[in-house]
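Dropping data25.txt in here (compact mmCIF, C-alpha atoms):
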# COMPACT_ATOMS: atom_id res chain seq x y z
CA MET A 1 9.11 23.46 -16.70
CA LEU A 2 8.55 19.75 -16.88
CA TYR A 3 11.05 17.16 -15.77
CA PRO A 4 11.20 13.86 -17.64
CA VAL A 5 9.28 11.06 -15.96
CA THR A 6 11.54 8.53 -14.26
CA THR A 7 10.92 5.24 -12.49
CA ALA A 8 10.92 7.10 -9.17
CA HIS A 9 7.78 8.98 -10.22
CA TYR A 10 5.96 5.71 -10.75
CA LEU A 11 7.19 4.35 -7.44
CA VAL A 12 5.99 7.41 -5.52
CA LEU A 13 2.62 7.21 -7.28
CA SER A 14 2.30 3.54 -6.42
CA ALA A 15 3.22 4.14 -2.78
CA ALA A 16 0.62 6.91 -2.56
CA LEU A 17 -2.02 4.65 -4.10
CA LEU A 18 -1.14 1.90 -1.63
CA LEU A 19 -1.40 4.26 1.33
CA ILE A 20 -4.78 5.59 0.14
CA GLY A 21 -6.00 1.99 -0.11
CA THR A 22 -4.70 1.28 3.39
CA ILE A 23 -6.55 4.30 4.74
CA GLY A 24 -9.71 2.97 3.11
CA ILE A 25 -9.30 -0.46 4.68
CA LEU A 26 -8.56 0.94 8.11
CA LEU A 27 -11.19 3.65 8.30
CA ARG A 28 -14.26 2.66 6.30
CA ARG A 29 -17.04 0.65 7.91
CA ASN A 30 -18.72 -0.49 4.70
CA ALA A 31 -17.40 -3.92 3.67
CA VAL A 32 -18.00 -3.31 -0.06
CA ILE A 33 -15.78 -0.23 0.04
CA ILE A 34 -13.14 -2.13 2.00
CA MET A 35 -13.00 -4.62 -0.88
CA MET A 36 -12.65 -1.74 -3.34
CA SER A 37 -9.70 -0.49 -1.26
CA ILE A 38 -8.12 -3.93 -1.55
CA GLU A 39 -8.40 -3.60 -5.33
CA LEU A 40 -6.65 -0.23 -5.07
CA ILE A 41 -3.77 -1.80 -3.13
CA LEU A 42 -3.38 -4.60 -5.66
CA ASN A 43 -3.30 -2.00 -8.44
CA ALA A 44 -0.58 -0.10 -6.62
CA VAL A 45 1.51 -3.27 -6.50
CA ASN A 46 0.94 -3.78 -10.22
CA VAL A 47 2.08 -0.24 -11.04
CA ASN A 48 5.23 -0.90 -9.02
CA LEU A 49 5.94 -4.18 -10.79
CA VAL A 50 5.42 -2.71 -14.25
CA ALA A 51 7.63 0.27 -13.38
CA PHE A 52 10.49 -2.03 -12.41
CA SER A 53 9.85 -4.18 -15.44
CA ARG A 54 10.43 -1.09 -17.56
CA HIS A 55 13.36 0.04 -15.41
CA LEU A 56 15.25 -3.23 -15.73
CA ASP A 57 14.03 -3.93 -19.27
CA GLN A 58 12.78 -7.38 -18.32
CA LEU A 59 9.29 -8.72 -18.81
CA ASN A 60 9.15 -10.82 -15.63
CA GLY A 61 7.51 -7.99 -13.72
CA GLN A 62 4.62 -7.90 -16.17
CA ILE A 63 4.17 -11.66 -15.79
CA PHE A 64 3.90 -11.19 -12.03
CA ALA A 65 1.39 -8.42 -12.63
CA ILE A 66 -0.72 -10.85 -14.67
CA PHE A 67 -0.67 -13.35 -11.81
CA ILE A 68 -1.62 -10.63 -9.33
CA ILE A 69 -4.59 -9.67 -11.51
CA CYS A 70 -5.58 -13.35 -11.56
CA VAL A 71 -5.41 -13.54 -7.76
CA ALA A 72 -7.37 -10.28 -7.50
CA VAL A 73 -10.16 -11.73 -9.63
CA ALA A 74 -10.35 -14.84 -7.46
CA GLU A 75 -10.31 -12.73 -4.31
CA ALA A 76 -13.07 -10.45 -5.57
CA ALA A 77 -15.30 -13.37 -6.58
CA VAL A 78 -14.97 -15.24 -3.28
CA GLY A 79 -15.00 -12.09 -1.16
CA LEU A 80 -18.17 -10.74 -2.72
CA GLY A 81 -19.76 -14.18 -2.33
CA ILE A 82 -18.89 -14.08 1.38
CA LEU A 83 -20.35 -10.58 1.55
CA ILE A 84 -23.67 -11.71 0.07
CA ALA A 85 -23.84 -14.66 2.48
CA LEU A 86 -23.04 -12.32 5.36
CA PHE A 87 -25.74 -9.84 4.34
CA ARG A 88 -28.27 -12.66 4.06
CA ASN A 89 -27.57 -13.74 7.64
CA LYS A 90 -26.84 -10.48 9.46
CA GLU A 91 -28.66 -7.86 7.34
CA THR A 92 -25.70 -5.51 7.55
CA VAL A 93 -22.46 -4.78 5.72
CA LEU A 94 -20.90 -2.58 8.40
CA VAL A 95 -17.87 -4.46 9.60
CA ASP A 96 -18.02 -3.38 13.24
CA GLU A 97 -21.55 -4.71 13.60
CA ILE A 98 -20.43 -8.18 12.52
CA ASP A 99 -19.01 -9.31 15.85
CA LEU A 100 -20.19 -12.91 16.23
CA LEU A 101 -16.69 -14.14 17.05
CA LYS A 102 -16.02 -11.33 19.51
CA TRP A 103 -16.34 -12.17 23.20
CA MET B 1 7.47 16.08 -23.06
CA THR B 2 4.19 14.50 -24.17
CA GLU B 3 4.94 11.54 -21.95
CA THR B 4 5.35 13.82 -18.95
CA VAL B 5 2.03 15.52 -19.60
CA PHE B 6 0.25 12.19 -20.01
CA PHE B 7 1.93 10.80 -16.90
CA TYR B 8 0.68 13.65 -14.74
CA ALA B 9 -2.80 13.46 -16.29
CA PHE B 10 -3.09 9.72 -15.62
CA ALA B 11 -1.51 10.04 -12.17
CA ALA B 12 -4.01 12.73 -11.22
CA LEU B 13 -6.88 10.58 -12.52
CA THR B 14 -5.60 7.59 -10.53
CA LEU B 15 -5.04 9.41 -7.25
CA LEU B 16 -8.23 11.51 -7.37
CA GLY B 17 -10.27 8.42 -8.22
CA ALA B 18 -8.66 6.56 -5.33
CA ILE B 19 -9.31 9.41 -2.88
CA PHE B 20 -12.95 9.65 -3.92
CA THR B 21 -13.30 5.86 -3.68
CA VAL B 22 -12.19 6.00 -0.08
CA THR B 23 -14.14 9.08 0.97
CA LEU B 24 -17.52 9.16 -0.81
CA ARG B 25 -20.65 8.08 1.01
CA ASN B 26 -22.70 6.40 -1.70
CA ALA B 27 -21.25 3.01 -2.70
CA VAL B 28 -22.23 3.43 -6.37
CA HIS B 29 -20.32 6.71 -6.53
CA CYS B 30 -17.35 4.92 -4.92
CA ALA B 31 -17.52 2.25 -7.61
CA ILE B 32 -17.55 4.87 -10.38
CA SER B 33 -14.55 6.63 -8.83
CA LEU B 34 -12.78 3.29 -8.65
CA ILE B 35 -13.46 2.83 -12.38
CA ALA B 36 -11.78 6.22 -13.02
CA SER B 37 -8.82 5.19 -10.89
CA LEU B 38 -8.45 1.86 -12.69
CA ALA B 39 -8.63 3.63 -16.06
CA GLY B 40 -5.82 5.90 -14.92
CA VAL B 41 -3.72 2.88 -14.00
CA ALA B 42 -4.47 1.43 -17.44
CA GLY B 43 -3.14 4.63 -19.00
CA LEU B 44 0.02 4.31 -16.91
CA TYR B 45 0.50 0.77 -18.22
CA LEU B 46 0.24 2.11 -21.76
CA LEU B 47 2.84 4.78 -21.00
CA GLN B 48 5.21 2.06 -19.82
CA ARG B 49 4.76 0.04 -23.00
CA ALA B 50 2.81 -2.73 -21.27
CA GLU B 51 0.12 -2.98 -23.92
CA PHE B 52 -1.13 -6.41 -22.91
CA LEU B 53 -1.62 -5.33 -19.31
CA PHE B 54 -3.42 -2.23 -20.57
CA ALA B 55 -5.92 -4.41 -22.42
CA VAL B 56 -6.25 -6.80 -19.49
CA GLN B 57 -6.83 -3.89 -17.11
CA ILE B 58 -9.64 -2.49 -19.27
CA VAL B 59 -11.32 -5.79 -20.05
CA LEU B 60 -10.86 -7.59 -16.74
CA TYR B 61 -10.90 -4.86 -14.11
CA ILE B 62 -13.20 -2.24 -15.58
CA GLY B 63 -15.31 -4.70 -17.53
CA GLY B 64 -15.33 -7.65 -15.16
CA ILE B 65 -14.58 -6.90 -11.56
CA MET B 66 -16.41 -3.59 -11.50
CA VAL B 67 -19.54 -5.15 -12.96
CA LEU B 68 -19.29 -7.75 -10.20
CA PHE B 69 -19.03 -4.97 -7.63
CA LEU B 70 -22.05 -3.17 -9.07
CA PHE B 71 -24.06 -6.42 -9.01
CA VAL B 72 -23.20 -6.90 -5.36
CA ILE B 73 -24.13 -3.28 -4.57
CA MET B 74 -27.45 -3.99 -6.27
CA LEU B 75 -28.01 -7.24 -4.36
CA VAL B 76 -26.91 -5.90 -0.99
CA ASN B 77 -29.12 -3.11 0.22
CA LEU B 78 -26.70 -0.30 1.04
CA ASP B 79 -29.23 2.49 1.68
CA ASP B 80 -29.18 1.92 5.43
CA ALA B 81 -25.40 1.77 5.48
CA ALA B 82 -25.16 5.04 3.52
CA ARG B 83 -27.18 6.84 6.16
CA GLN B 84 -24.97 5.74 9.04
CA ARG B 85 -21.55 6.81 10.21
CA GLN B 86 -19.00 5.98 7.52
CA TYR B 87 -15.73 5.87 9.44
CA HIS B 88 -14.44 4.02 12.45
CA ARG B 89 -13.84 5.95 15.62
CA HIS B 90 -10.19 4.97 15.95
CA TRP B 91 -8.60 7.19 13.36
CA ILE B 92 -4.99 7.06 14.58
CA ALA B 93 -3.95 4.42 12.02
CA GLY B 94 -5.56 6.34 9.17
CA LEU B 95 -3.88 9.54 10.31
CA ALA B 96 -0.54 7.71 10.36
CA CYS B 97 -1.09 6.54 6.77
CA ALA B 98 -2.07 10.04 5.64
CA ALA B 99 1.02 11.45 7.35
CA ALA B 100 3.16 8.83 5.62
CA THR B 101 1.69 9.84 2.25
CA ALA B 102 2.34 13.51 2.97
CA GLY B 103 5.89 12.75 4.10
CA LEU B 104 6.53 10.70 0.99
CA PHE B 105 5.38 13.49 -1.31
CA THR B 106 7.33 16.09 0.66
CA LEU B 107 10.50 14.04 0.47
CA PHE B 108 10.07 13.41 -3.22
CA LEU B 109 9.22 17.02 -4.07
CA THR B 110 12.11 18.48 -2.09
CA ARG B 111 14.85 16.03 -2.93
CA GLY B 112 13.67 14.84 -6.33
CA THR B 113 14.61 11.50 -7.79
CA ALA B 114 17.69 11.36 -5.56
CA SER B 115 15.40 10.44 -2.64
CA LEU B 116 15.08 6.92 -4.03
CA GLN B 117 18.30 5.10 -4.73
CA LEU B 118 17.56 2.79 -7.61
CA ALA B 119 19.86 0.64 -9.64
CA ALA B 120 20.96 2.13 -12.91
CA PRO B 121 18.29 1.63 -15.56
CA ALA B 122 18.93 -0.92 -18.23
CA PRO B 123 20.33 0.60 -21.41
CA ALA B 124 17.76 1.06 -24.12
CA ALA B 125 17.92 -1.71 -26.66
CA ALA B 126 19.37 -0.61 -29.96
CA GLY B 127 16.87 -0.47 -32.76
CA ALA B 128 13.31 -1.71 -32.68
CA PRO B 129 12.53 -4.70 -30.44
CA ALA B 130 12.31 -8.00 -32.23
CA ALA B 131 8.79 -8.78 -31.08
CA GLY B 132 5.90 -6.82 -29.66
CA ASN B 133 4.90 -6.81 -26.04
CA VAL B 134 2.25 -9.51 -26.35
CA GLU B 135 4.50 -11.91 -28.25
CA ALA B 136 7.41 -11.51 -25.84
CA LEU B 137 5.09 -11.86 -22.87
CA SER B 138 3.47 -15.02 -24.19
CA VAL B 139 6.83 -16.63 -24.92
CA LEU B 140 7.97 -15.90 -21.37
CA LEU B 141 4.66 -16.99 -19.84
CA PHE B 142 4.39 -20.30 -21.65
CA ARG B 143 8.04 -21.25 -21.38
CA GLU B 144 9.42 -20.13 -18.06
CA TYR B 145 6.23 -19.60 -16.09
CA LEU B 146 4.20 -22.56 -17.32
CA VAL B 147 3.79 -24.21 -13.90
CA PRO B 148 2.57 -21.00 -12.17
CA PHE B 149 0.23 -20.50 -15.13
CA GLU B 150 -1.32 -23.92 -14.58
CA LEU B 151 -1.51 -23.29 -10.84
CA ALA B 152 -3.37 -20.07 -11.59
CA SER B 153 -6.00 -22.06 -13.46
CA LEU B 154 -6.36 -24.25 -10.37
CA LEU B 155 -6.77 -21.13 -8.24
CA LEU B 156 -9.51 -19.86 -10.54
CA LEU B 157 -11.30 -23.22 -10.33
CA VAL B 158 -11.20 -23.02 -6.52
CA ALA B 159 -12.52 -19.45 -6.71
CA ILE B 160 -15.41 -20.55 -8.95
CA VAL B 161 -16.41 -23.34 -6.57
CA GLY B 162 -15.95 -21.10 -3.54
CA GLY B 163 -18.01 -18.30 -5.04
CA VAL B 164 -20.88 -20.64 -5.87
CA ILE B 165 -20.82 -22.21 -2.39
CA MET B 166 -20.69 -18.85 -0.64
CA ALA B 167 -23.47 -17.24 -2.62
CA LYS B 168 -25.83 -20.22 -2.78
CA LYS B 169 -28.70 -20.18 -0.35
CA ARG B 170 -28.61 -23.87 0.52
CA ILE B 171 -26.15 -26.41 -0.80
Please go through the file and, once you have read it, give me the structure as C-alpha cells.
Amino acid sequence: MLYPVTTAHYLVLSAALLLIGTIGILLRRNAVIIMMSIELILNAVNVNLVAFSRHLDQLNGQIFAIFIICVAVAEAAVGLGILIALFRNKETVLVDEIDLLKW
Amino acid sequence: MTETVFFYAFAALTLLGAIFTVTLRNAVHCAISLIASLAGVAGLYLLQRAEFLFAVQIVLYIGGIMVLFLFVIMLVNLDDAARQRQYHRHWIAGLACAAATAGLFTLFLTRGTASLQLAAPAPAAAGAPAAGNVEALSVLLFREYLVPFELASLLLLVAIVGGVIMAKKRI
C-alpha cells in the first residue's frame, strides 16, 4: 500500500542527500570528488527550498533555488580553476598531500 | 498514486546516484553517477510543479557543470589518484553522518509524517492558476528580486574573471 507523498517525504530525502554529501566531503581524498559532493549538498538545499515553496504555495523558494544554482555555477567554475592550478603546481589532487600551509 | 510511484523512483535514483558518487573509485564513474543523481533531482522538481527549475537543472547542471567536471577530469590526470587509498583515516565524522542518516530514516519510517511538525499546508488554489510557473516566476524575479538578480550577474562576472585567472598559466 502506498501512502500519498507529503512535504515531509521531500524533507527527509533532502536531509539524506545532504548527509551523503557531507560524508563525501569528510571522507574522500580526491578533490574533484569533494567538489561533486558540494554539488550534492547544494542540490539537497534546492530540494528543500522547492518542497517548502510547494508546501506554502509561494514561489519565493524557487527564486532562492535559482540563486543557489547561480552560486553553485560560480563556485564550480572558480573551484575547478583552483584545482587545475593546484595540479599544475603540486602534481596531485589528494587533499591530504596538499599541506603547504601546515606547520 | 502515480505521483507516489514517480516520487519513489526519482528518490531512489537520486540517493543511489549520490551514494555511488561518494563511494566509487574512478572519477569518471563518479561523475556519471552524479549525473544520474542530478537527473533524479530534476524529476523531483517536475513532480513539485517547478517546471522552470526542471529545465534549468537539466540544461545548467547536467549540460553545463557536469561537462566542466568531465573536462577537469580529462585535464587533471587522475590515474595515480585512483590507484591510491580513497578515504581518509579518520572516519569518525563520516560514521556520525551515516548514523545520523540511519537515525533519520528510522525515525521517519517508524513515526511517519508526524515526526516532522510542519505548518499546515497552504490550501490548494481554486481552479487553474492564472499563469504558468515560468510566467509567475519571472514576474516575481524581475519585480521583487531585481536587485539580487543584478547582484547575481556581478557574482558571475567575478567568477568568470576568477576562473580565467586561476586556470591561466601566467597572467
When you draw a straight line from atom CA of Gly21 of chain A to atom CA of Phe52 of chain A, how long is it in Å?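 Answer for the atom CA of Gly21 of chain A to atom CA of Phe52 of chain A separation: 21.0 Å.
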Do you know which residues are at most 12 Å from Ala120 of chain B counting only C-alpha atoms, after dropping those on the same chain fewer than 5 positions away, and could you put them as a VMD selection string? chain A and resid 6 to 8 52 54 to 57
Within 6 Å of chain A, which residues belong to chain B? Use only C-alpha atoms and report them as a list in words.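 Every residue meeting the condition is included here: Thr4, Val22, Gln86, Tyr87, His88, Gly94, Cys97, Thr101, Thr113, Pro121, Ala122, Leu156, Ala159, Gly162, Gly163, Met166 and Ala167 of chain B.
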Preceding selection exported with C-alpha atoms as a compact mmCIF listing (two decimals), in the frame of the given file:
# COMPACT_ATOMS: atom_id res chain seq x y z
CA THR B 4 5.35 13.82 -18.95
CA VAL B 22 -12.19 6.00 -0.08
CA GLN B 86 -19.00 5.98 7.52
CA TYR B 87 -15.73 5.87 9.44
CA HIS B 88 -14.44 4.02 12.45
CA GLY B 94 -5.56 6.34 9.17
CA CYS B 97 -1.09 6.54 6.77
CA THR B 101 1.69 9.84 2.25
CA THR B 113 14.61 11.50 -7.79
CA PRO B 121 18.29 1.63 -15.56
CA ALA B 122 18.93 -0.92 -18.23
CA LEU B 156 -9.51 -19.86 -10.54
CA ALA B 159 -12.52 -19.45 -6.71
CA GLY B 162 -15.95 -21.10 -3.54
CA GLY B 163 -18.01 -18.30 -5.04
CA MET B 166 -20.69 -18.85 -0.64
CA ALA B 167 -23.47 -17.24 -2.62
What is the atom CA of Phe7 of chain B to atom CA of Arg111 of chain B distance in Å?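 Answer for the atom CA of Phe7 of chain B to atom CA of Arg111 of chain B separation: 19.7 Å.
Atom pair atom CA of Phe142 of chain B / atom CA of Val59 of chain B: separated by 21.4 Å.
When all atoms listed in the file are used to compute distances to Phe71 of chain B, the closest of the residues B:Leu13, B:Ala27, B:His90, B:Leu155 turns out to be B:Ala27.
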If you count all atoms listed in the file, which residues fall within 8 Å of Ala42 of chain B, apart from same-chain ones fewer than 3 positions away, as a list in words? Leu38, Ala39, Tyr45, Leu46, Leu53, Phe54, Ala55, Gln57 and Ile58 of chain B
